[in-house]
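**Q** Structure below; questions to follow.
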Amino acid sequence: MVLPLSSTTEDQPLRIAGRSFNSRLLTGTGKYPDLATMQASLEASGCQMVTVAVRRIQSGAAGHRGLMDAVDWSRLWMLPNTAGCATAEEAVRTARLGRELARLAGQEDNTFVKLEVIPDPRYLLPDPIGTLLAAKQLVKEGFSVLPYINADPLLARRLEEVGCVTVMPLGSPIGSGQGLRNRDNIRLMIEGAGVPVVVDAGIGVPSDAAEAMELGADAVLINTAIAQAGTPVVMARAMALATQAGRLAHVSGRMPQHHDAVASSPHHGRIGG
């Protein structure tokens, strides 16, 4: 029996900390030319979870003034992040502020935090030790921790063991748009993870997003590649389609690869010469 297309292409929702999301594209709210472009891009992306930089909102940094009022928090789940924190202690304090920010937005039950501990302002690589220390403390305080990390399968395992609800490996340095430079390690993380793997940072074009999803990532988080595109709204839609296509390709299972060419037409039934 041939199933209708709508049945064969339906996917299971993404589940994080007991919460379901139909979209597997997470987006950010920074680096847009203006709030109107951000609003239109979020709509075009079809995302259901967006990150906000707690420290930048608290300080009224450029591009973040008025952001809380510009997002419809009745439709989009807030993922406060600890961007700008160089130590575990700073990250924990900022996460607590993020929880209050979510409550002010009407999300009383929101315990999510994207944990970032980045001490080096040049390379912006996450600190594995500081991240693990902060994660342990935040889990104890009842947070649902989504840690941003290097593509390190062993660290991912430790973070899962302490109670993190996802692991979020970088594909390549944040904001670089270099694509998946850590493909092999990300694959190992996906194979060994018992929590969702969200590829975060480095995605530059839709084919990067599709590649991450084809590998088996549960979701992708994309900000700069959308916000700094020539036309962010169009790129947001392209990233949404690429994420969906990559996910469906992974779920369907790719064809076997062969060393030699294999004819696509059958040999039997050919007209003799």
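Letters for chains follow the order of the structure tokens (A, B, ...), residue numbers begin at 1 for each chain, and ligand numbers begin at 1 in the order shown.
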Set the distance at 10 Å and use only C-alpha atoms: which residues neighbour A:Tyr123 once local chain neighbours fewer than 4 positions away are removed? I'd like the list as a ChimeraX atom specification.
**A** /A:118-119,173-174
**Q** Would you output that residue set with N, CA, C and O atoms, as a short mmCIF file (atom, residue, chain, number, x, y, z; two decimals), in the first residue's frame?
**A**
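The resulting out-v5.cif:
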```
data_model
loop_
_atom_site.label_atom_id
_atom_site.label_comp_id
_atom_site.auth_asym_id
_atom_site.auth_seq_id
_atom_site.Cartn_x
_atom_site.Cartn_y
_atom_site.Cartn_z
N ILE A 118 32.71 31.59 27.84
CA ILE A 118 33.69 31.87 26.78
C ILE A 118 34.69 32.90 27.28
O ILE A 118 34.41 34.11 27.27
N PRO A 119 35.86 32.46 27.74
CA PRO A 119 36.83 33.41 28.30
C PRO A 119 37.72 34.11 27.28
O PRO A 119 38.29 35.15 27.58
N PRO A 173 33.97 27.84 14.36
CA PRO A 173 33.91 28.99 15.26
C PRO A 173 32.68 29.87 15.05
O PRO A 173 32.24 30.09 13.91
N ILE A 174 32.14 30.37 16.15
CA ILE A 174 30.91 31.14 16.12
C ILE A 174 31.04 32.35 15.19
O ILE A 174 32.04 33.06 15.19
#
```
**Q** Can you list, as an NGL selection string, every protein, DNA or RNA residue that comes within 8 Å of A:Arg99 when you count only C-alpha atoms, leaving out same-chain residues fewer than 3 positions away?
**A** :A and (80 or 95-96 or 102-103 or 110-113)
**Q** Can you check which parts of stretch 152-250 of chain A lie within 6 Å of stretch 8-30 of chain A? Per residue, the shortest pair of atoms and distance in Å to one decimal, counting only C-alpha atoms, sorted by chain and number, as CSV.
**A**
```
residue,atom,partner,partner_atom,distance
A:Val165,CA,A:Ala17,CA,5.8
A:Ala219,CA,A:Arg24,CA,4.6
A:Val220,CA,A:Leu25,CA,5.3
A:Leu221,CA,A:Leu26,CA,4.4
A:Ile222,CA,A:Thr27,CA,5.0
A:Asn223,CA,A:Gly28,CA,4.7
```
**Q** Just to be explicit: take each residue in the selection above, keep N, CA, C and O atoms, and write the result as a JSON list (two decimals), in the first residue's frame.
**A**
```json
[["chain", "number", "residue", "atom", "x", "y", "z"],
["A", 165, "VAL", "N", 20.09, 18.79, 29.29],
["A", 165, "VAL", "CA", 18.98, 18.27, 28.48],
["A", 165, "VAL", "C", 19.31, 18.23, 26.99],
["A", 165, "VAL", "O", 18.54, 17.63, 26.22],
["A", 219, "ALA", "N", 18.63, 19.07, 15.83],
["A", 219, "ALA", "CA", 18.23, 20.43, 15.50],
["A", 219, "ALA", "C", 19.48, 21.24, 15.18],
["A", 219, "ALA", "O", 20.61, 20.79, 15.42],
["A", 220, "VAL", "N", 19.26, 22.43, 14.65],
["A", 220, "VAL", "CA", 20.36, 23.38, 14.43],
["A", 220, "VAL", "C", 19.94, 24.73, 15.01],
["A", 220, "VAL", "O", 18.75, 25.06, 15.04],
["A", 221, "LEU", "N", 20.93, 25.47, 15.47],
["A", 221, "LEU", "CA", 20.69, 26.84, 15.94],
["A", 221, "LEU", "C", 21.46, 27.78, 15.03],
["A", 221, "LEU", "O", 22.68, 27.65, 14.89],
["A", 222, "ILE", "N", 20.75, 28.70, 14.41],
["A", 222, "ILE", "CA", 21.35, 29.59, 13.41],
["A", 222, "ILE", "C", 20.96, 31.03, 13.71],
["A", 222, "ILE", "O", 19.77, 31.34, 13.82],
["A", 223, "ASN", "N", 21.95, 31.90, 13.83],
["A", 223, "ASN", "CA", 21.69, 33.31, 14.04],
["A", 223, "ASN", "C", 22.39, 34.17, 12.99],
["A", 223, "ASN", "O", 21.75, 34.77, 12.13]]
```
**Q** Counting only C-alpha atoms, which residue out of A:Ala151, A:Leu124, A:Ala225, A:Val262 sits closest to A:Val167?
**A**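 Looking only at the distances to A:Val167, the closest residue turns out to be A:Ala151.
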**Q** List every residue of stretch 100-220 of chain A that DSSP, applied to the backbone, labels as strand (DSSP E or B), and write the result as a list in words.
**A**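 These are the residues in question: Phe112, Val113, Lys114, Leu115, Ser144, Val145, Leu146, Pro147, Tyr148, Ile149, Val167, Met168, Pro169, Val197, Val198, Val199, Asp200, Ala219 and Val220 of chain A.
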**Q** Export, as a tab-separated table (two decimals), in the first residue's frame, the selected residues with all heavy atoms.
**A**
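Generated file (out.tsv):
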```
chain	number	residue	atom	x	y	z
A	112	PHE	N	14.68	26.95	30.89
A	112	PHE	CA	15.71	26.73	29.90
A	112	PHE	C	16.83	27.77	30.00
A	112	PHE	O	16.57	28.94	30.30
A	112	PHE	CB	15.14	26.81	28.49
A	112	PHE	CG	14.41	25.58	28.03
A	112	PHE	CD1	13.60	24.86	28.89
A	112	PHE	CD2	14.49	25.16	26.71
A	112	PHE	CE1	12.92	23.73	28.46
A	112	PHE	CE2	13.82	24.04	26.27
A	112	PHE	CZ	13.03	23.32	27.13
A	113	VAL	N	18.05	27.35	29.75
A	113	VAL	CA	19.17	28.27	29.60
A	113	VAL	C	20.19	27.69	28.64
A	113	VAL	O	20.53	26.51	28.73
A	113	VAL	CB	19.84	28.60	30.97
A	113	VAL	CG1	20.42	27.34	31.63
A	113	VAL	CG2	20.94	29.65	30.80
A	114	LYS	N	20.60	28.50	27.70
A	114	LYS	CA	21.72	28.12	26.85
A	114	LYS	C	22.99	28.57	27.56
A	114	LYS	O	23.25	29.76	27.71
A	114	LYS	CB	21.62	28.78	25.46
A	114	LYS	CG	22.76	28.35	24.55
A	114	LYS	CD	22.79	29.16	23.27
A	114	LYS	CE	24.04	28.79	22.47
A	114	LYS	NZ	24.29	29.72	21.35
A	115	LEU	N	23.76	27.60	27.99
A	115	LEU	CA	24.95	27.88	28.80
A	115	LEU	C	26.16	28.14	27.91
A	115	LEU	O	26.57	27.29	27.13
A	115	LEU	CB	25.22	26.70	29.73
A	115	LEU	CG	26.49	26.76	30.57
A	115	LEU	CD1	26.50	27.98	31.48
A	115	LEU	CD2	26.65	25.48	31.38
A	144	SER	N	17.00	23.72	33.10
A	144	SER	CA	17.14	22.82	31.96
A	144	SER	C	18.28	23.38	31.12
A	144	SER	O	18.12	24.40	30.44
A	144	SER	CB	15.85	22.77	31.14
A	144	SER	OG	14.77	22.31	31.93
A	145	VAL	N	19.44	22.74	31.20
A	145	VAL	CA	20.68	23.32	30.67
A	145	VAL	C	20.97	22.80	29.28
A	145	VAL	O	21.04	21.59	29.04
A	145	VAL	CB	21.87	23.02	31.61
A	145	VAL	CG1	23.14	23.66	31.08
A	145	VAL	CG2	21.56	23.51	33.02
A	146	LEU	N	21.17	23.74	28.36
A	146	LEU	CA	21.56	23.44	26.98
A	146	LEU	C	22.96	24.02	26.78
A	146	LEU	O	23.11	25.21	26.49
A	146	LEU	CB	20.58	24.06	25.98
A	146	LEU	CG	19.15	23.50	25.95
A	146	LEU	CD1	18.32	24.04	27.12
A	146	LEU	CD2	18.47	23.86	24.63
A	147	PRO	N	24.02	23.23	26.95
A	147	PRO	CA	25.38	23.77	26.95
A	147	PRO	C	25.99	23.87	25.54
A	147	PRO	O	25.93	22.92	24.75
A	147	PRO	CB	26.15	22.76	27.80
A	147	PRO	CG	25.44	21.46	27.56
A	147	PRO	CD	24.00	21.81	27.35
A	148	TYR	N	26.57	25.01	25.28
A	148	TYR	CA	27.33	25.25	24.04
A	148	TYR	C	28.76	24.80	24.27
A	148	TYR	O	29.44	25.28	25.18
A	148	TYR	CB	27.28	26.74	23.71
A	148	TYR	CG	28.19	27.18	22.59
A	148	TYR	CD1	28.05	26.67	21.31
A	148	TYR	CD2	29.19	28.13	22.82
A	148	TYR	CE1	28.89	27.09	20.28
A	148	TYR	CE2	30.02	28.56	21.81
A	148	TYR	CZ	29.87	28.03	20.53
A	148	TYR	OH	30.70	28.45	19.53
A	149	ILE	N	29.24	23.85	23.43
A	149	ILE	CA	30.55	23.24	23.68
A	149	ILE	C	31.30	23.02	22.38
A	149	ILE	O	30.74	23.10	21.28
A	149	ILE	CB	30.40	21.88	24.40
A	149	ILE	CG1	29.57	20.90	23.56
A	149	ILE	CG2	29.78	22.07	25.78
A	149	ILE	CD1	29.51	19.48	24.12
A	167	VAL	N	23.10	18.65	24.20
A	167	VAL	CA	24.47	19.13	24.01
A	167	VAL	C	24.46	19.91	22.70
A	167	VAL	O	23.76	19.55	21.76
A	167	VAL	CB	25.52	18.00	23.98
A	167	VAL	CG1	25.72	17.42	25.37
A	167	VAL	CG2	25.13	16.89	23.00
A	168	MET	N	25.25	20.99	22.66
A	168	MET	CA	25.21	21.90	21.52
A	168	MET	C	26.62	22.13	20.99
A	168	MET	O	27.27	23.14	21.32
A	168	MET	CB	24.54	23.22	21.90
A	168	MET	CG	23.15	23.04	22.49
A	168	MET	SD	22.35	24.60	22.94
A	168	MET	CE	21.96	25.25	21.33
A	169	PRO	N	27.13	21.21	20.16
A	169	PRO	CA	28.49	21.37	19.65
A	169	PRO	C	28.57	22.42	18.54
A	169	PRO	O	27.63	22.58	17.75
A	169	PRO	CB	28.80	19.98	19.08
A	169	PRO	CG	27.46	19.46	18.65
A	169	PRO	CD	26.49	19.97	19.69
A	197	VAL	N	21.05	16.42	20.18
A	197	VAL	CA	22.27	17.11	19.76
A	197	VAL	C	21.86	18.25	18.84
A	197	VAL	O	21.23	18.02	17.80
A	197	VAL	CB	23.24	16.16	19.03
A	197	VAL	CG1	24.46	16.93	18.53
A	197	VAL	CG2	23.67	15.03	19.96
A	198	VAL	N	22.20	19.47	19.23
A	198	VAL	CA	21.84	20.66	18.46
A	198	VAL	C	23.14	21.29	17.95
A	198	VAL	O	23.97	21.74	18.74
A	198	VAL	CB	21.08	21.68	19.33
A	198	VAL	CG1	20.68	22.89	18.50
A	198	VAL	CG2	19.85	21.03	19.97
A	199	VAL	N	23.33	21.30	16.64
A	199	VAL	CA	24.54	21.90	16.08
A	199	VAL	C	24.40	23.41	16.11
A	199	VAL	O	23.45	23.98	15.56
A	199	VAL	CB	24.80	21.40	14.65
A	199	VAL	CG1	25.98	22.15	14.03
A	199	VAL	CG2	25.08	19.89	14.66
A	200	ASP	N	25.35	24.05	16.76
A	200	ASP	CA	25.27	25.47	17.02
A	200	ASP	C	26.60	26.12	16.62
A	200	ASP	O	27.66	25.65	17.01
A	200	ASP	CB	25.00	25.69	18.52
A	200	ASP	CG	24.95	27.15	18.92
A	200	ASP	OD1	24.84	28.01	18.02
A	200	ASP	OD2	25.00	27.43	20.12
A	219	ALA	N	18.63	19.07	15.83
A	219	ALA	CA	18.23	20.43	15.50
A	219	ALA	C	19.48	21.24	15.18
A	219	ALA	O	20.61	20.79	15.42
A	219	ALA	CB	17.45	21.07	16.65
A	220	VAL	N	19.26	22.43	14.65
A	220	VAL	CA	20.36	23.38	14.43
A	220	VAL	C	19.94	24.73	15.01
A	220	VAL	O	18.75	25.06	15.04
A	220	VAL	CB	20.70	23.53	12.93
A	220	VAL	CG1	21.36	22.28	12.38
A	220	VAL	CG2	19.46	23.87	12.10
```
**Q** Please run DSSP on the backbone and report, as a list in words, all residues within stretch 78-129 of chain A that come out as helix (DSSP H, G or I).
**A**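 Result set for stretch 78-129 of chain A (helix (DSSP H, G or I)): Ala88, Glu89, Glu90, Ala91, Val92, Arg93, Thr94, Ala95, Arg96, Leu97, Gly98, Arg99, Glu100, Leu101, Ala102, Arg103, Leu104, Pro128 and Ile129 of chain A.
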**Q** Keeping only N, CA, C and O atoms, write those residues as a PDB file, in the first residue's frame.
**A**
```
ATOM      1  N   ALA A  88      32.446  30.374  35.096  1.00  0.00           N
ATOM      2  CA  ALA A  88      31.282  29.613  35.525  1.00  0.00           C
ATOM      3  C   ALA A  88      30.408  30.448  36.456  1.00  0.00           C
ATOM      4  O   ALA A  88      29.172  30.417  36.381  1.00  0.00           O
ATOM      5  N   GLU A  89      31.032  31.197  37.346  1.00  0.00           N
ATOM      6  CA  GLU A  89      30.285  31.998  38.312  1.00  0.00           C
ATOM      7  C   GLU A  89      29.431  33.057  37.606  1.00  0.00           C
ATOM      8  O   GLU A  89      28.261  33.261  37.944  1.00  0.00           O
ATOM      9  N   GLU A  90      30.009  33.734  36.618  1.00  0.00           N
ATOM     10  CA  GLU A  90      29.252  34.722  35.855  1.00  0.00           C
ATOM     11  C   GLU A  90      28.080  34.079  35.138  1.00  0.00           C
ATOM     12  O   GLU A  90      26.972  34.629  35.090  1.00  0.00           O
ATOM     13  N   ALA A  91      28.328  32.904  34.560  1.00  0.00           N
ATOM     14  CA  ALA A  91      27.284  32.219  33.815  1.00  0.00           C
ATOM     15  C   ALA A  91      26.119  31.826  34.708  1.00  0.00           C
ATOM     16  O   ALA A  91      24.949  31.950  34.320  1.00  0.00           O
ATOM     17  N   VAL A  92      26.402  31.354  35.909  1.00  0.00           N
ATOM     18  CA  VAL A  92      25.343  30.963  36.838  1.00  0.00           C
ATOM     19  C   VAL A  92      24.506  32.183  37.227  1.00  0.00           C
ATOM     20  O   VAL A  92      23.264  32.129  37.245  1.00  0.00           O
ATOM     21  N   ARG A  93      25.168  33.288  37.530  1.00  0.00           N
ATOM     22  CA  ARG A  93      24.422  34.509  37.897  1.00  0.00           C
ATOM     23  C   ARG A  93      23.547  34.979  36.735  1.00  0.00           C
ATOM     24  O   ARG A  93      22.394  35.366  36.932  1.00  0.00           O
ATOM     25  N   THR A  94      24.093  34.932  35.539  1.00  0.00           N
ATOM     26  CA  THR A  94      23.350  35.392  34.366  1.00  0.00           C
ATOM     27  C   THR A  94      22.177  34.467  34.061  1.00  0.00           C
ATOM     28  O   THR A  94      21.106  34.915  33.644  1.00  0.00           O
ATOM     29  N   ALA A  95      22.364  33.168  34.266  1.00  0.00           N
ATOM     30  CA  ALA A  95      21.269  32.219  34.054  1.00  0.00           C
ATOM     31  C   ALA A  95      20.101  32.533  34.981  1.00  0.00           C
ATOM     32  O   ALA A  95      18.927  32.442  34.591  1.00  0.00           O
ATOM     33  N   ARG A  96      20.400  32.910  36.214  1.00  0.00           N
ATOM     34  CA  ARG A  96      19.328  33.263  37.150  1.00  0.00           C
ATOM     35  C   ARG A  96      18.566  34.496  36.670  1.00  0.00           C
ATOM     36  O   ARG A  96      17.336  34.563  36.771  1.00  0.00           O
ATOM     37  N   LEU A  97      19.294  35.469  36.130  1.00  0.00           N
ATOM     38  CA  LEU A  97      18.627  36.647  35.562  1.00  0.00           C
ATOM     39  C   LEU A  97      17.781  36.253  34.355  1.00  0.00           C
ATOM     40  O   LEU A  97      16.690  36.794  34.146  1.00  0.00           O
ATOM     41  N   GLY A  98      18.285  35.303  33.571  1.00  0.00           N
ATOM     42  CA  GLY A  98      17.540  34.843  32.403  1.00  0.00           C
ATOM     43  C   GLY A  98      16.227  34.189  32.773  1.00  0.00           C
ATOM     44  O   GLY A  98      15.214  34.353  32.088  1.00  0.00           O
ATOM     45  N   ARG A  99      16.226  33.455  33.876  1.00  0.00           N
ATOM     46  CA  ARG A  99      14.994  32.825  34.340  1.00  0.00           C
ATOM     47  C   ARG A  99      13.960  33.886  34.709  1.00  0.00           C
ATOM     48  O   ARG A  99      12.774  33.752  34.399  1.00  0.00           O
ATOM     49  N   GLU A 100      14.422  34.959  35.347  1.00  0.00           N
ATOM     50  CA  GLU A 100      13.514  36.050  35.690  1.00  0.00           C
ATOM     51  C   GLU A 100      13.023  36.768  34.435  1.00  0.00           C
ATOM     52  O   GLU A 100      11.861  37.199  34.370  1.00  0.00           O
ATOM     53  N   LEU A 101      13.890  36.889  33.441  1.00  0.00           N
ATOM     54  CA  LEU A 101      13.504  37.526  32.177  1.00  0.00           C
ATOM     55  C   LEU A 101      12.384  36.735  31.508  1.00  0.00           C
ATOM     56  O   LEU A 101      11.423  37.320  30.989  1.00  0.00           O
ATOM     57  N   ALA A 102      12.492  35.412  31.526  1.00  0.00           N
ATOM     58  CA  ALA A 102      11.449  34.570  30.943  1.00  0.00           C
ATOM     59  C   ALA A 102      10.137  34.743  31.698  1.00  0.00           C
ATOM     60  O   ALA A 102       9.051  34.770  31.093  1.00  0.00           O
ATOM     61  N   ARG A 103      10.220  34.863  33.003  1.00  0.00           N
ATOM     62  CA  ARG A 103       9.007  35.051  33.801  1.00  0.00           C
ATOM     63  C   ARG A 103       8.344  36.385  33.479  1.00  0.00           C
ATOM     64  O   ARG A 103       7.113  36.484  33.400  1.00  0.00           O
ATOM     65  N   LEU A 104       9.157  37.420  33.288  1.00  0.00           N
ATOM     66  CA  LEU A 104       8.615  38.725  32.910  1.00  0.00           C
ATOM     67  C   LEU A 104       7.918  38.668  31.558  1.00  0.00           C
ATOM     68  O   LEU A 104       6.996  39.443  31.291  1.00  0.00           O
ATOM     69  N   PRO A 128      35.638  24.246  28.395  1.00  0.00           N
ATOM     70  CA  PRO A 128      35.001  22.978  28.790  1.00  0.00           C
ATOM     71  C   PRO A 128      34.894  22.804  30.302  1.00  0.00           C
ATOM     72  O   PRO A 128      33.886  22.290  30.796  1.00  0.00           O
ATOM     73  N   ILE A 129      35.924  23.236  31.039  1.00  0.00           N
ATOM     74  CA  ILE A 129      35.903  23.062  32.492  1.00  0.00           C
ATOM     75  C   ILE A 129      34.876  23.995  33.122  1.00  0.00           C
ATOM     76  O   ILE A 129      34.057  23.581  33.952  1.00  0.00           O
TER      77      ILE A 129
END
```
**Q** If I take atom CA of A:Met213 and atom CA of A:Arg247, how far is one from the other in Å, to one decimal?
**A**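 For atom CA of A:Met213 relative to atom CA of A:Arg247, the distance reads 5.0 Å.
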**Q** Quick one: pull the distance between atom CA of A:Ala70 and atom CA of A:Gly46, Å, one decimal.
**A** 16.3 Å
